[in-house]
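A.B. asks: Could you have a look at this structure, given as structure tokens, before my questions?
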Amino acid sequence: MSAINQSGWRPEMGSAQSEKPQTFTGNRALMLEEALIFEIGSSDTCGVDFTTAHPELDEGQGFNKLSLSGGKLSGLERRRPIGLPGLSEPETVRHYTRLSRQNYAIDLGFFPLGSCTMKHNPRLNEKVARMAGFGDVHPLQPVETVQGALSVINELAWWLITLTGMHGVAMTPKAGAHGELCGVLAIKAALEARGEKRTVFLVPESAHGTNPATAAFAGFSVENIPATPEGRVDLTALKARLGPDVAGVMITNPNTCGLFESEMTAISDAVHAAGGYVYCDGANFNAIVGKVRPGDLGVDAMHINVHKTFSTPHGGGGPGAGPVVLSEALSPYGPIPYVARMADGSMKLVEEAEAVTDHPENFGRMVAFHGQMGMFTRALAYIMSHGADGLKQVSEDAVLNANYLLRSLEDVLDAPFAGSGPCMHEALFSDDGMAEGFSTLDIAKGLIDEGYHPMTVYFPLVVHGAMLVEPTETESKAALDQFIGAFRSVAERAKAGDPSLKSAPHHAPRRRLDETLAARKPVLVWKEPDLAVAAE
Amino acid sequence: MRYLPLTQPDRQAMLGVIGANTIDDLFVDVPEEARLNGPIKGLPMHASEMAVERHFSNLARKNMAASHHPFFLGAGAYKHHVPASVDHLIQRGEFLTAYTPYQPEIAQGTLQMLFEFQTQVARLYGCDVANASMYDGSTACWEAISMAGRVTKRSKAILSSGLHPHYVSVAKTMAKYTGDTLDTALPDLGGSDTARLLAAIDRDTSAVVVQYPDILGRIEDLSAIAAKAHEHGALLVAVVTEPVALGAIKSPGEMGADIVVGEGQALGVGLQFGGPYVGLFACKEKFVRQMPGRLCGETVDVEGKRGFVLTLSTREQHIRREKATSNICTNSGLCALAFSIHMTLLGEKGLRQLAAINHANAVDAAERLSRIPGVSLVNETFFNEFTLTLPKEARPVVRALAEK
């Protein structure tokens with residue numbers, strides 16, 4: 001007797017069908033389409049109930065849009081409709097849950113995005129960041145009431161200084177590029193203190209776009225330093241360009257070709273001898289934590305992307321945090337405010353007033369408050385969980401995983417710098433050898449159909465059709481082996497000129513999107529259909 | 001180590017495939033004299049989840065949390081109740097652990113959310129377009145000044161004395177290095193700064209920057225400043241630190257502002273001791289190609305289905321490098337999501353109701369506080385924050401209140 005099928009209903013497997021039928025809704029089982037809030041919401045729907053001591057403002061008591069009492073608004077009451085649709089709570093939860101399912105994420109699978117470091121985001125870090133003592137504290141509270149929050153900043157600062165072998169750290173920058181700006185402004189302030197006007201920053205061709213953009217944003221001009229055929233900074237060319245107009249260099253180490261700049265000490269010495277400063281882009285610090293300290297390589301300033309190295313979540317494009325470690329030469333010029341530990345163990349904040357005596361040469365303020373507290377708690381939880389031994393293991397595993405990928409794929413994909421020695425935490429390939437008309441983009445889209453987020457494509461610019469693959473340390477060998485198999489298969493299809501690859505992805509929520517149309521006729525906000533037509 | 005899946009046999013097998021004997025063979029390019037042998041001395045070793053959590057619990061207890069007490073701090077960061085569903089939804093792994101949506105076919109969730117966010121911000125601010133967020137209000141403010149310089153090809157901005165002093169400091173830091181001139185003044189309890197602003201606008205002015213409501217909580221019509229600025233070819237930049245206010249009072253865009261920026265923290269994001277927050281940035285459509293930061297736009301896929309992509313990226317650093325409109329890359333995506341979800345839960349009706357409650361409570365509080373002998377109310381107008389003068393120094397009074 002069957003306990004589970006008493007009806008006699010016999011499950012059938014169905015027959016294999018090659019053509020998928022259209023559905024009435026446009027949904028396909030778990031692949032659910034979702035309209036915009038402007039199409040499903042209404043300005044009279046609200047998913048929040050309020051507590052109020054003012055009965056006239058309670059919904060049940062006939063709240064109306066204009067019940068604003070007292071004449072304290074300068075006669076500027078907002079009377080026209082704003083156009084903000086509302087949804088009830090269940091509709092809201094469903095809307096965003098449905099949207100979320102159209103996203104790829106680390107939680108779903110391997111995300112080998114070079115230079116971006118998509119590693120597992122521990123949930124403990126989310127938990128501690130949300131403790132009321134950190135998540136629900138105002139930046140302008142009296143310091144006596146935020147001693148624990150200031151301790152977190154101070155402890156993280158201590159770890160960052162110790163791990164990098166530097167002299168000081170500026171905690172306030174909000175992301176990597178903002179950290180770059182902090183470092184470059186400190187250099188500018190140091191030069192001004194010396195009475196020098198140096199106007200040029202040297203940046204390698206392989207640099208992140210933020211490096212030249214930052215130097216320009218801070219009022220410098222930018223010149224490129226060429227790379228050697230091995231994919232490293234050309235020291236001879238660099239030395240030849242150094243001079244009294246050069247403020248410094250911005251070097252990424254490990255660099256964006258996935259290689260350690262083995263001549264880093266010589267680069268720093270040459271720049272210092274010429275009176276300049278060394279800025280290191282720390283985007284790739286995750287490869288070398290616990291293996292080498294940038295301070296021992298002559299670096300004067302380096303930002304740390306805590307959302308990369310210390311695994312605060314990327315959140316679909318931020319927020320990050322970009323603390324900047326500084327050398328002894330640059331520390332006096334770091335920004336305010338900052339946290340200082342007093343002799344009695346208590347913490348104080350050095351803001352504009354205190355800085356007059358405590359930190360008189362600071363270059364100023366970069367943000368309204370104290371930086372990314374919510375990221376500091378997460379990063380510190382990550383660092384403490386790993387400890388000195390775990391952080392070293394993290395770097396080693398990240399580098400091991402990348403080299404394993406490089407050596408497992410170099411026979412099927414062109415790896416331009418594979419002969420330059422081991423890579424660090426990322427492996428670089430090019431689209432050399434693909435069939436006519438097939439490129440990196442097709443391989444990337446093919447990988448989407450295989451269930452992967454593609455690697456970083458067309459960066460660094462020094463390699464044709466670059467594919468920068470960063471596995472990170474939080475992938476198992478089994479996950480890497482499956483990816484290697486999938487990548488080989490897609491690369492072989494590209495070499496053979498498989499036309500189905502040109503139209504990939506076939507299985508994603510959307511097929512290839514028309515980016516040219518988006519840029520030529522930008523539609524950046526939703527408009528009511530009749531207005532949208534009228535605008536054309 | 002709970003976060004590392006490789007086993008010791010895995011590591012050995014992989015080294016074998018690579019053709020290396022030890023892991024240190026992979027670090028040969030690090031100069032030998034700088035290589036560290038063994039964990040860095042003086043640092044603690046790895047710790048269990050329980051131990052780390054306990055450490056943070058102990059530190060958290062030393063802080064006074066806003067929700068545990070009656071709470072009256074403002075000045076650029078605001079405590080409003082955030083519905084539980086907001087924090088639940090932003091913790092879905094598909095939002096939390098996604099990257100910037102550079103592969104749009106598998107990032108429509110983030111992209112559609114950004115498109116909705118941009119529309120909400122543009123409508124709240126009364127502007128044509130908005131971007132996908134900046135770091136916070138203070139950096140958005142500098143970016144607006146910088147953008148006005150590009151639009152007008154001038155470099156002198158006039159900052160209202162009612163602008164948040166930290167925002168002024170951030171602008172001064174940047175201007176010192178870019179060579180821009182900033183005309184600033186200290187906040188004045190006596191009254192409006194409009195006369196000074198109107199008098200200062202001339203043919204060299206790139207932007208007039210006015211906070212609305214201002215740092216002391218006062219509300220002023222921006223129309224006259226907009227008119228004078230436009231007459232002289234300058235832009236009006238309005239700064240809004242409390243977005244809830246715009247559920248009660250006219251948007252800056254309605255009064256002629258060209259660029260409207262501000263802090264979005266008050267909706268969805270939470271106080272977090274100052275960050276991460278979310279910078280809002282909106283402007284008139286004709287200036288869109290001078291905007292900083294990421295923009296999400298609508299398009300179609302090859303099957304004709306509506307979809308969204310990051311667009312106009314030739315303004316951005318990863319394409320334009322030193323000629324980019326800004327160096328910003330990572331922004332505040334997840335905070336933008338929190339803002340957008342909270343705004344969706346509120347809707348227009350809820351936002352107006354929230355604003356009305358805030359205003360009514362502030363009117364009550366102002367009236368009762370100003371009845372205390374020696375205490376007087378500076379503001380004639382305000383939304384939900386106002387300024388008092390006390391018969392003695394303010395700082396010790398704040399400390400004494402916190403101790404209660």
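We name chains A, B, ... following the order of the structure tokens; residues begin at 1 in each chain, and ligands are numbered from 1 as shown.
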Can you check which residues of range 179-375 of chain A DSSP gives as strand (DSSP E or B) on the backbone and send them as number ranges by chain?

C.D. replies: A: 200-204, 221-225, 227, 233, 246-252, 277-281, 292, 301-303, 324-326, 336, 338-341, 347-350, 365

A.B. asks: Next, the residues of the selection above should be written as a compact mmCIF listing (two decimals), in the first residue's frame with N, CA and C atoms.

C.D. replies:
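Listed below is the output, out_4.txt:
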```
# COMPACT_ATOMS: atom_id res chain seq x y z
N VAL A 200 52.08 67.12 -11.61
CA VAL A 200 51.87 65.93 -12.44
C VAL A 200 51.82 64.67 -11.58
N PHE A 201 50.85 63.80 -11.88
CA PHE A 201 50.84 62.45 -11.31
C PHE A 201 51.11 61.45 -12.42
N LEU A 202 51.98 60.49 -12.13
CA LEU A 202 52.27 59.44 -13.10
C LEU A 202 51.43 58.21 -12.75
N VAL A 203 50.76 57.69 -13.75
CA VAL A 203 49.84 56.58 -13.54
C VAL A 203 50.09 55.52 -14.61
N PRO A 204 50.26 54.26 -14.23
CA PRO A 204 50.49 53.23 -15.25
C PRO A 204 49.28 53.07 -16.17
N SER A 221 47.53 67.17 -13.32
CA SER A 221 47.47 66.57 -14.64
C SER A 221 48.06 65.16 -14.54
N VAL A 222 47.72 64.34 -15.51
CA VAL A 222 48.04 62.92 -15.44
C VAL A 222 48.87 62.51 -16.65
N GLU A 223 49.93 61.77 -16.41
CA GLU A 223 50.69 61.20 -17.52
C GLU A 223 50.82 59.70 -17.32
N ASN A 224 50.78 58.97 -18.42
CA ASN A 224 50.86 57.51 -18.36
C ASN A 224 52.30 57.02 -18.25
N ILE A 225 52.48 55.95 -17.49
CA ILE A 225 53.76 55.23 -17.51
C ILE A 225 53.50 53.93 -18.27
N ALA A 227 53.97 49.98 -19.63
CA ALA A 227 54.23 48.70 -18.99
C ALA A 227 55.30 47.95 -19.79
N VAL A 233 55.28 47.64 -14.28
CA VAL A 233 55.67 49.03 -14.53
C VAL A 233 57.08 49.08 -15.12
N VAL A 246 56.91 66.41 -10.80
CA VAL A 246 56.13 65.21 -10.51
C VAL A 246 55.80 65.12 -9.03
N ALA A 247 54.50 65.13 -8.72
CA ALA A 247 54.06 65.06 -7.33
C ALA A 247 54.17 63.63 -6.81
N GLY A 248 53.92 62.68 -7.68
CA GLY A 248 54.00 61.30 -7.23
C GLY A 248 53.52 60.33 -8.28
N VAL A 249 53.49 59.06 -7.89
CA VAL A 249 52.97 58.02 -8.76
C VAL A 249 51.78 57.36 -8.07
N MET A 250 50.89 56.83 -8.88
CA MET A 250 49.79 56.01 -8.34
C MET A 250 49.96 54.62 -8.92
N ILE A 251 50.30 53.68 -8.05
CA ILE A 251 50.60 52.33 -8.51
C ILE A 251 49.67 51.34 -7.84
N THR A 252 49.15 50.42 -8.61
CA THR A 252 48.33 49.35 -8.04
C THR A 252 49.23 48.14 -7.82
N TYR A 277 55.91 61.38 -4.02
CA TYR A 277 55.30 60.44 -3.08
C TYR A 277 54.71 59.25 -3.84
N VAL A 278 54.60 58.14 -3.11
CA VAL A 278 54.08 56.92 -3.72
C VAL A 278 52.67 56.64 -3.21
N TYR A 279 51.70 56.74 -4.10
CA TYR A 279 50.34 56.33 -3.76
C TYR A 279 50.14 54.92 -4.26
N CYS A 280 49.66 54.03 -3.40
CA CYS A 280 49.36 52.67 -3.83
C CYS A 280 47.86 52.46 -3.82
N ASP A 281 47.31 52.05 -4.97
CA ASP A 281 45.91 51.67 -5.04
C ASP A 281 45.78 50.30 -4.38
N VAL A 292 53.05 40.49 3.09
CA VAL A 292 53.99 41.61 2.96
C VAL A 292 53.25 42.87 3.37
N ALA A 301 50.95 56.24 0.85
CA ALA A 301 49.51 56.26 1.11
C ALA A 301 48.87 55.13 0.33
N MET A 302 47.90 54.47 0.96
CA MET A 302 47.18 53.39 0.26
C MET A 302 45.77 53.31 0.82
N HIS A 303 44.78 53.27 -0.07
CA HIS A 303 43.42 53.06 0.43
C HIS A 303 43.16 51.56 0.52
N VAL A 324 42.37 55.11 4.48
CA VAL A 324 43.67 55.31 3.82
C VAL A 324 44.78 55.26 4.86
N VAL A 325 45.69 54.29 4.70
CA VAL A 325 46.86 54.27 5.58
C VAL A 325 47.91 55.23 5.04
N LEU A 326 48.60 55.89 5.97
CA LEU A 326 49.53 56.95 5.59
C LEU A 326 50.90 56.72 6.21
N ILE A 336 40.38 65.49 9.02
CA ILE A 336 39.58 65.43 10.23
C ILE A 336 38.15 65.08 9.81
N TYR A 338 38.84 62.58 13.37
CA TYR A 338 39.36 61.24 13.61
C TYR A 338 39.21 60.92 15.10
N VAL A 339 39.39 59.64 15.42
CA VAL A 339 39.23 59.16 16.79
C VAL A 339 40.62 59.07 17.42
N ALA A 340 40.76 59.59 18.63
CA ALA A 340 42.03 59.48 19.34
C ALA A 340 41.79 58.80 20.69
N ARG A 341 42.71 57.93 21.05
CA ARG A 341 42.61 57.21 22.32
C ARG A 341 43.38 58.01 23.37
N MET A 347 37.96 57.40 24.56
CA MET A 347 38.12 57.84 23.17
C MET A 347 37.62 59.27 23.02
N LYS A 348 38.32 60.04 22.20
CA LYS A 348 37.78 61.37 21.88
C LYS A 348 37.77 61.57 20.38
N LEU A 349 36.99 62.54 19.96
CA LEU A 349 36.91 62.89 18.54
C LEU A 349 37.67 64.19 18.32
N VAL A 350 38.54 64.17 17.33
CA VAL A 350 39.23 65.40 16.97
C VAL A 350 38.52 66.00 15.76
N ARG A 365 38.28 68.45 5.86
CA ARG A 365 37.23 67.45 6.07
C ARG A 365 36.78 66.91 4.73
```

A.B. asks: List as a PDB file with C-alpha atoms, in the first residue's frame the protein and nucleic acid residues near range 295-298 of chain A, meaning an atom at most 8 Å away when only C-alpha atoms are counted, but skip any in the same chain fewer than 6 places from it.

C.D. replies:
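The resulting file, part34.pdb, is shown below:
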```
ATOM      1  CA  THR A 164      50.047  47.465   6.408  1.00  0.00           C
ATOM      2  CA  GLY A 165      53.058  48.552   8.456  1.00  0.00           C
ATOM      3  CA  MET A 166      52.106  52.180   8.069  1.00  0.00           C
ATOM      4  CA  MET A 264      58.208  48.103  -5.927  1.00  0.00           C
ATOM      5  CA  THR A 265      61.012  49.038  -3.542  1.00  0.00           C
ATOM      6  CA  SER A 268      59.503  53.905  -4.280  1.00  0.00           C
ATOM      7  CA  ASP A 269      63.176  54.751  -3.827  1.00  0.00           C
ATOM      8  CA  VAL A 278      54.084  56.921  -3.721  1.00  0.00           C
ATOM      9  CA  SER A 327      53.311  57.037   6.009  1.00  0.00           C
TER      10      SER A 327
ATOM     11  CA  ALA B  34      59.938  42.456   2.715  1.00  0.00           C
TER      12      ALA B  34
END
```

A.B. asks: Fewer than 6 positions away in the same chain doesn't count, so skip those; otherwise give me all residues within 12 Å of Asp204 in chain B, counting only C-alpha atoms, as a PDB file with N, CA and C atoms, in the first residue's frame.

C.D. replies:
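Result file follows (result.pdb):
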```pdb
ATOM      1  N   ALA B 148      28.281  72.486 -11.464  1.00  0.00           N
ATOM      2  CA  ALA B 148      27.857  73.834 -11.876  1.00  0.00           C
ATOM      3  C   ALA B 148      29.027  74.563 -12.532  1.00  0.00           C
ATOM      4  N   GLY B 149      30.220  74.308 -12.041  1.00  0.00           N
ATOM      5  CA  GLY B 149      31.414  74.893 -12.651  1.00  0.00           C
ATOM      6  C   GLY B 149      31.596  74.415 -14.085  1.00  0.00           C
ATOM      7  N   THR B 152      28.696  76.048 -16.300  1.00  0.00           N
ATOM      8  CA  THR B 152      28.792  77.494 -16.550  1.00  0.00           C
ATOM      9  C   THR B 152      30.183  77.922 -17.003  1.00  0.00           C
ATOM     10  N   LYS B 153      31.136  77.006 -16.882  1.00  0.00           N
ATOM     11  CA  LYS B 153      32.555  77.313 -17.154  1.00  0.00           C
ATOM     12  C   LYS B 153      33.023  78.495 -16.297  1.00  0.00           C
ATOM     13  N   ARG B 154      32.553  78.529 -15.045  1.00  0.00           N
ATOM     14  CA  ARG B 154      32.976  79.536 -14.073  1.00  0.00           C
ATOM     15  C   ARG B 154      33.402  78.809 -12.795  1.00  0.00           C
ATOM     16  N   SER B 155      34.064  79.509 -11.901  1.00  0.00           N
ATOM     17  CA  SER B 155      34.602  78.787 -10.741  1.00  0.00           C
ATOM     18  C   SER B 155      34.354  79.496  -9.407  1.00  0.00           C
ATOM     19  N   LYS B 156      33.357  80.381  -9.378  1.00  0.00           N
ATOM     20  CA  LYS B 156      33.061  81.044  -8.106  1.00  0.00           C
ATOM     21  C   LYS B 156      31.656  80.671  -7.618  1.00  0.00           C
ATOM     22  N   ALA B 157      31.601  79.964  -6.494  1.00  0.00           N
ATOM     23  CA  ALA B 157      30.294  79.583  -5.947  1.00  0.00           C
ATOM     24  C   ALA B 157      30.014  80.387  -4.688  1.00  0.00           C
ATOM     25  N   ILE B 158      28.739  80.724  -4.506  1.00  0.00           N
ATOM     26  CA  ILE B 158      28.330  81.457  -3.304  1.00  0.00           C
ATOM     27  C   ILE B 158      27.547  80.498  -2.421  1.00  0.00           C
ATOM     28  N   ASP B 180      38.811  76.451  -7.043  1.00  0.00           N
ATOM     29  CA  ASP B 180      37.516  77.146  -7.055  1.00  0.00           C
ATOM     30  C   ASP B 180      37.467  78.177  -5.925  1.00  0.00           C
ATOM     31  N   THR B 181      36.699  79.225  -6.127  1.00  0.00           N
ATOM     32  CA  THR B 181      36.499  80.228  -5.091  1.00  0.00           C
ATOM     33  C   THR B 181      35.147  80.009  -4.441  1.00  0.00           C
ATOM     34  N   LEU B 182      35.124  80.024  -3.118  1.00  0.00           N
ATOM     35  CA  LEU B 182      33.859  79.875  -2.408  1.00  0.00           C
ATOM     36  C   LEU B 182      33.619  81.120  -1.572  1.00  0.00           C
ATOM     37  N   ASP B 183      32.457  81.702  -1.764  1.00  0.00           N
ATOM     38  CA  ASP B 183      32.065  82.868  -0.977  1.00  0.00           C
ATOM     39  C   ASP B 183      31.174  82.333   0.150  1.00  0.00           C
ATOM     40  N   ALA B 229      19.980  84.307 -10.083  1.00  0.00           N
ATOM     41  CA  ALA B 229      21.075  83.447 -10.565  1.00  0.00           C
ATOM     42  C   ALA B 229      20.937  83.239 -12.070  1.00  0.00           C
ATOM     43  N   HIS B 232      21.963  85.973 -14.328  1.00  0.00           N
ATOM     44  CA  HIS B 232      23.409  86.157 -14.479  1.00  0.00           C
ATOM     45  C   HIS B 232      24.104  84.899 -15.004  1.00  0.00           C
ATOM     46  N   GLY B 233      23.317  83.959 -15.510  1.00  0.00           N
ATOM     47  CA  GLY B 233      23.923  82.755 -16.095  1.00  0.00           C
ATOM     48  C   GLY B 233      24.478  81.791 -15.067  1.00  0.00           C
ATOM     49  N   ALA B 234      24.045  81.934 -13.814  1.00  0.00           N
ATOM     50  CA  ALA B 234      24.519  81.024 -12.769  1.00  0.00           C
ATOM     51  C   ALA B 234      23.436  79.993 -12.459  1.00  0.00           C
ATOM     52  N   LEU B 235      23.811  78.945 -11.746  1.00  0.00           N
ATOM     53  CA  LEU B 235      22.854  77.897 -11.381  1.00  0.00           C
ATOM     54  C   LEU B 235      22.489  78.005  -9.906  1.00  0.00           C
TER      55      LEU B 235
END
```

A.B. asks: With only C-alpha atoms as the counted atoms, please give the residues lying no more than 10 Å from Ser115 in chain A, apart from itself and same-chain residues fewer than 2 positions off, as a PyMOL selection string.

C.D. replies: chain A and resi 112-113+117-118+208+255-258+283-284+308+425-426+455-456+459-460+468-470

A.B. asks: Just the selected residues (N, CA and C atoms), exported as an mmCIF file, in the first residue's frame, please.

C.D. replies:
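What follows is the written file again-v8.cif:
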```cif
data_model
loop_
_atom_site.group_PDB
_atom_site.id
_atom_site.type_symbol
_atom_site.label_atom_id
_atom_site.label_comp_id
_atom_site.auth_asym_id
_atom_site.auth_seq_id
_atom_site.Cartn_x
_atom_site.Cartn_y
_atom_site.Cartn_z
ATOM 1 N N PRO A 112 33.426 35.440 -10.400
ATOM 2 C CA PRO A 112 34.886 35.648 -10.523
ATOM 3 C C PRO A 112 35.281 37.001 -11.103
ATOM 4 N N LEU A 113 34.750 38.050 -10.571
ATOM 5 C CA LEU A 113 34.906 39.375 -11.146
ATOM 6 C C LEU A 113 36.248 39.979 -10.728
ATOM 7 N N THR A 117 36.775 41.468 -6.242
ATOM 8 C CA THR A 117 36.845 40.629 -5.052
ATOM 9 C C THR A 117 35.469 40.314 -4.486
ATOM 10 N N MET A 118 34.783 39.428 -5.190
ATOM 11 C CA MET A 118 33.461 39.012 -4.750
ATOM 12 C C MET A 118 33.601 37.730 -3.932
ATOM 13 N N HIS A 208 43.363 51.349 -12.679
ATOM 14 C CA HIS A 208 41.917 51.556 -12.615
ATOM 15 C C HIS A 208 41.607 52.972 -13.080
ATOM 16 N N ASN A 255 49.303 44.396 -9.283
ATOM 17 C CA ASN A 255 48.754 45.243 -10.343
ATOM 18 C C ASN A 255 47.553 44.604 -11.020
ATOM 19 N N THR A 256 46.961 45.328 -11.965
ATOM 20 C CA THR A 256 45.704 44.861 -12.553
ATOM 21 C C THR A 256 45.915 43.764 -13.585
ATOM 22 N N CYS A 257 47.189 43.458 -13.898
ATOM 23 C CA CYS A 257 47.455 42.281 -14.731
ATOM 24 C C CYS A 257 47.575 41.043 -13.851
ATOM 25 N N GLY A 258 47.361 41.228 -12.550
ATOM 26 C CA GLY A 258 47.408 40.093 -11.636
ATOM 27 C C GLY A 258 48.815 39.783 -11.139
ATOM 28 N N ALA A 283 43.319 48.272 -4.037
ATOM 29 C CA ALA A 283 42.188 47.430 -4.438
ATOM 30 C C ALA A 283 42.539 45.948 -4.373
ATOM 31 N N ASN A 284 43.816 45.642 -4.547
ATOM 32 C CA ASN A 284 44.227 44.236 -4.588
ATOM 33 C C ASN A 284 44.978 43.802 -3.338
ATOM 34 N N LYS A 308 36.207 44.974 -0.483
ATOM 35 C CA LYS A 308 36.916 43.924 -1.212
ATOM 36 C C LYS A 308 37.695 43.071 -0.211
ATOM 37 N N HIS A 425 46.217 37.149 -6.996
ATOM 38 C CA HIS A 425 44.875 36.649 -6.705
ATOM 39 C C HIS A 425 43.955 36.648 -7.912
ATOM 40 N N GLU A 426 44.460 37.033 -9.089
ATOM 41 C CA GLU A 426 43.610 37.030 -10.275
ATOM 42 C C GLU A 426 44.418 36.616 -11.494
ATOM 43 N N MET A 455 33.557 37.044 -15.655
ATOM 44 C CA MET A 455 34.729 37.730 -15.114
ATOM 45 C C MET A 455 34.691 39.208 -15.520
ATOM 46 N N THR A 456 35.650 39.994 -15.049
ATOM 47 C CA THR A 456 35.777 41.381 -15.521
ATOM 48 C C THR A 456 36.252 41.352 -16.967
ATOM 49 N N PHE A 459 39.150 44.906 -19.228
ATOM 50 C CA PHE A 459 39.991 45.608 -18.265
ATOM 51 C C PHE A 459 40.998 44.606 -17.729
ATOM 52 N N PRO A 460 42.279 44.918 -17.591
ATOM 53 C CA PRO A 460 42.902 46.213 -17.905
ATOM 54 C C PRO A 460 42.996 46.472 -19.408
ATOM 55 N N LEU A 468 39.582 39.201 -16.824
ATOM 56 C CA LEU A 468 40.297 39.176 -15.551
ATOM 57 C C LEU A 468 39.472 38.345 -14.560
ATOM 58 N N VAL A 469 40.034 37.207 -14.158
ATOM 59 C CA VAL A 469 39.284 36.222 -13.379
ATOM 60 C C VAL A 469 39.830 36.192 -11.954
ATOM 61 N N GLU A 470 38.969 36.514 -11.005
ATOM 62 C CA GLU A 470 39.390 36.501 -9.601
ATOM 63 C C GLU A 470 38.508 35.525 -8.821
#
```

A.B. asks: Between B:Ala257, B:Ala394, B:Leu222, B:Ile319, which one has atoms that come closest to chain A, using only C-alpha atoms?

C.D. replies: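 Of B:Ala257, B:Ala394, B:Leu222, B:Ile319, the one nearest chain A is B:Ile319, counting only C-alpha atoms.
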
A.B. asks: Where in range 206-251 of chain B does DSSP assign helix (DSSP H, G or I), given as a list in words?

C.D. replies: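 These are the residues in question: Ser223, Ala224, Ile225, Ala226, Ala227, Lys228, Ala229, His230, Glu231, Pro243, Val244, Ala245, Leu246 and Gly247 of chain B.
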
A.B. asks: Dump C-alpha atoms for the selected residues as a PDB file, in the first residue's frame?

C.D. replies:
```pdb
ATOM      1  CA  SER B 223      12.411  81.660  -6.247  1.00  0.00           C
ATOM      2  CA  ALA B 224      14.060  85.084  -6.035  1.00  0.00           C
ATOM      3  CA  ILE B 225      17.521  83.564  -5.753  1.00  0.00           C
ATOM      4  CA  ALA B 226      16.806  81.276  -8.699  1.00  0.00           C
ATOM      5  CA  ALA B 227      15.642  84.214 -10.804  1.00  0.00           C
ATOM      6  CA  LYS B 228      18.685  86.362 -10.012  1.00  0.00           C
ATOM      7  CA  ALA B 229      21.075  83.447 -10.565  1.00  0.00           C
ATOM      8  CA  HIS B 230      19.535  82.632 -13.932  1.00  0.00           C
ATOM      9  CA  GLU B 231      19.636  86.294 -14.952  1.00  0.00           C
ATOM     10  CA  PRO B 243      13.929  64.449   2.654  1.00  0.00           C
ATOM     11  CA  VAL B 244      10.793  64.036   4.785  1.00  0.00           C
ATOM     12  CA  ALA B 245      10.415  67.835   4.695  1.00  0.00           C
ATOM     13  CA  LEU B 246       9.515  67.600   1.021  1.00  0.00           C
ATOM     14  CA  GLY B 247       6.333  65.791   1.989  1.00  0.00           C
TER      15      GLY B 247
END
```

A.B. asks: Report as a list in words all protein, DNA and RNA residues lying within 6 Å of range 71-79 of chain B, evaluated on only C-alpha atoms, omitting residues in the same chain fewer than 4 positions from it.

C.D. replies: Ala66, Thr241 and Ala266 of chain B

A.B. asks: Deliver the residues from the most recent selection as a file, using N, CA and C atoms, as an mmCIF file, in the first residue's frame.

C.D. replies:
```
data_model
loop_
_atom_site.group_PDB
_atom_site.id
_atom_site.type_symbol
_atom_site.label_atom_id
_atom_site.label_comp_id
_atom_site.auth_asym_id
_atom_site.auth_seq_id
_atom_site.Cartn_x
_atom_site.Cartn_y
_atom_site.Cartn_z
ATOM 1 N N ALA B 66 19.583 55.507 19.902
ATOM 2 C CA ALA B 66 18.520 56.501 19.728
ATOM 3 C C ALA B 66 17.147 55.935 20.088
ATOM 4 N N THR B 241 18.785 68.248 3.527
ATOM 5 C CA THR B 241 19.326 67.214 4.408
ATOM 6 C C THR B 241 18.223 66.342 5.001
ATOM 7 N N ALA B 266 17.476 59.795 6.116
ATOM 8 C CA ALA B 266 16.287 59.813 6.973
ATOM 9 C C ALA B 266 15.266 58.760 6.567
#
```

A.B. asks: CA of Ala519 in chain A and CA of Glu205 in chain A, how far apart in Å?

C.D. replies: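 Result for CA of Glu205 in chain A versus CA of Ala519 in chain A: 26.9 Å, one decimal.
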
A.B. asks: Might you pull out every residue within 12 Å of Pro5 in chain B, with only C-alpha atoms counted and same-chain residues fewer than 3 positions away left off, and present them as a list in words?

C.D. replies: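 Counting only C-alpha atoms, the residues come to Lys119, His120, Gln393, Val394, Asp397, Ala398, Asn401, Thr472, Glu473, Thr474, Glu475, Ser476, Lys477, Ala478, Ala479 and Leu480 of chain A; Met1, Arg2, Gln8, Pro9, Asp10 and Arg11 of chain B.
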
A.B. asks: Would you mind reading off the distance between CA of Asp136 in chain B and CA of Lys127 in chain A, one decimal, in Å?

C.D. replies: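 Distance between the two atoms: 23.4 Å.
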
A.B. asks: One decimal, in Å: what's the spacing between CA of Asp25 in chain B and CA of Leu406 in chain A?

C.D. replies: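 Result for CA of Asp25 in chain B versus CA of Leu406 in chain A: 15.2 Å, one decimal.
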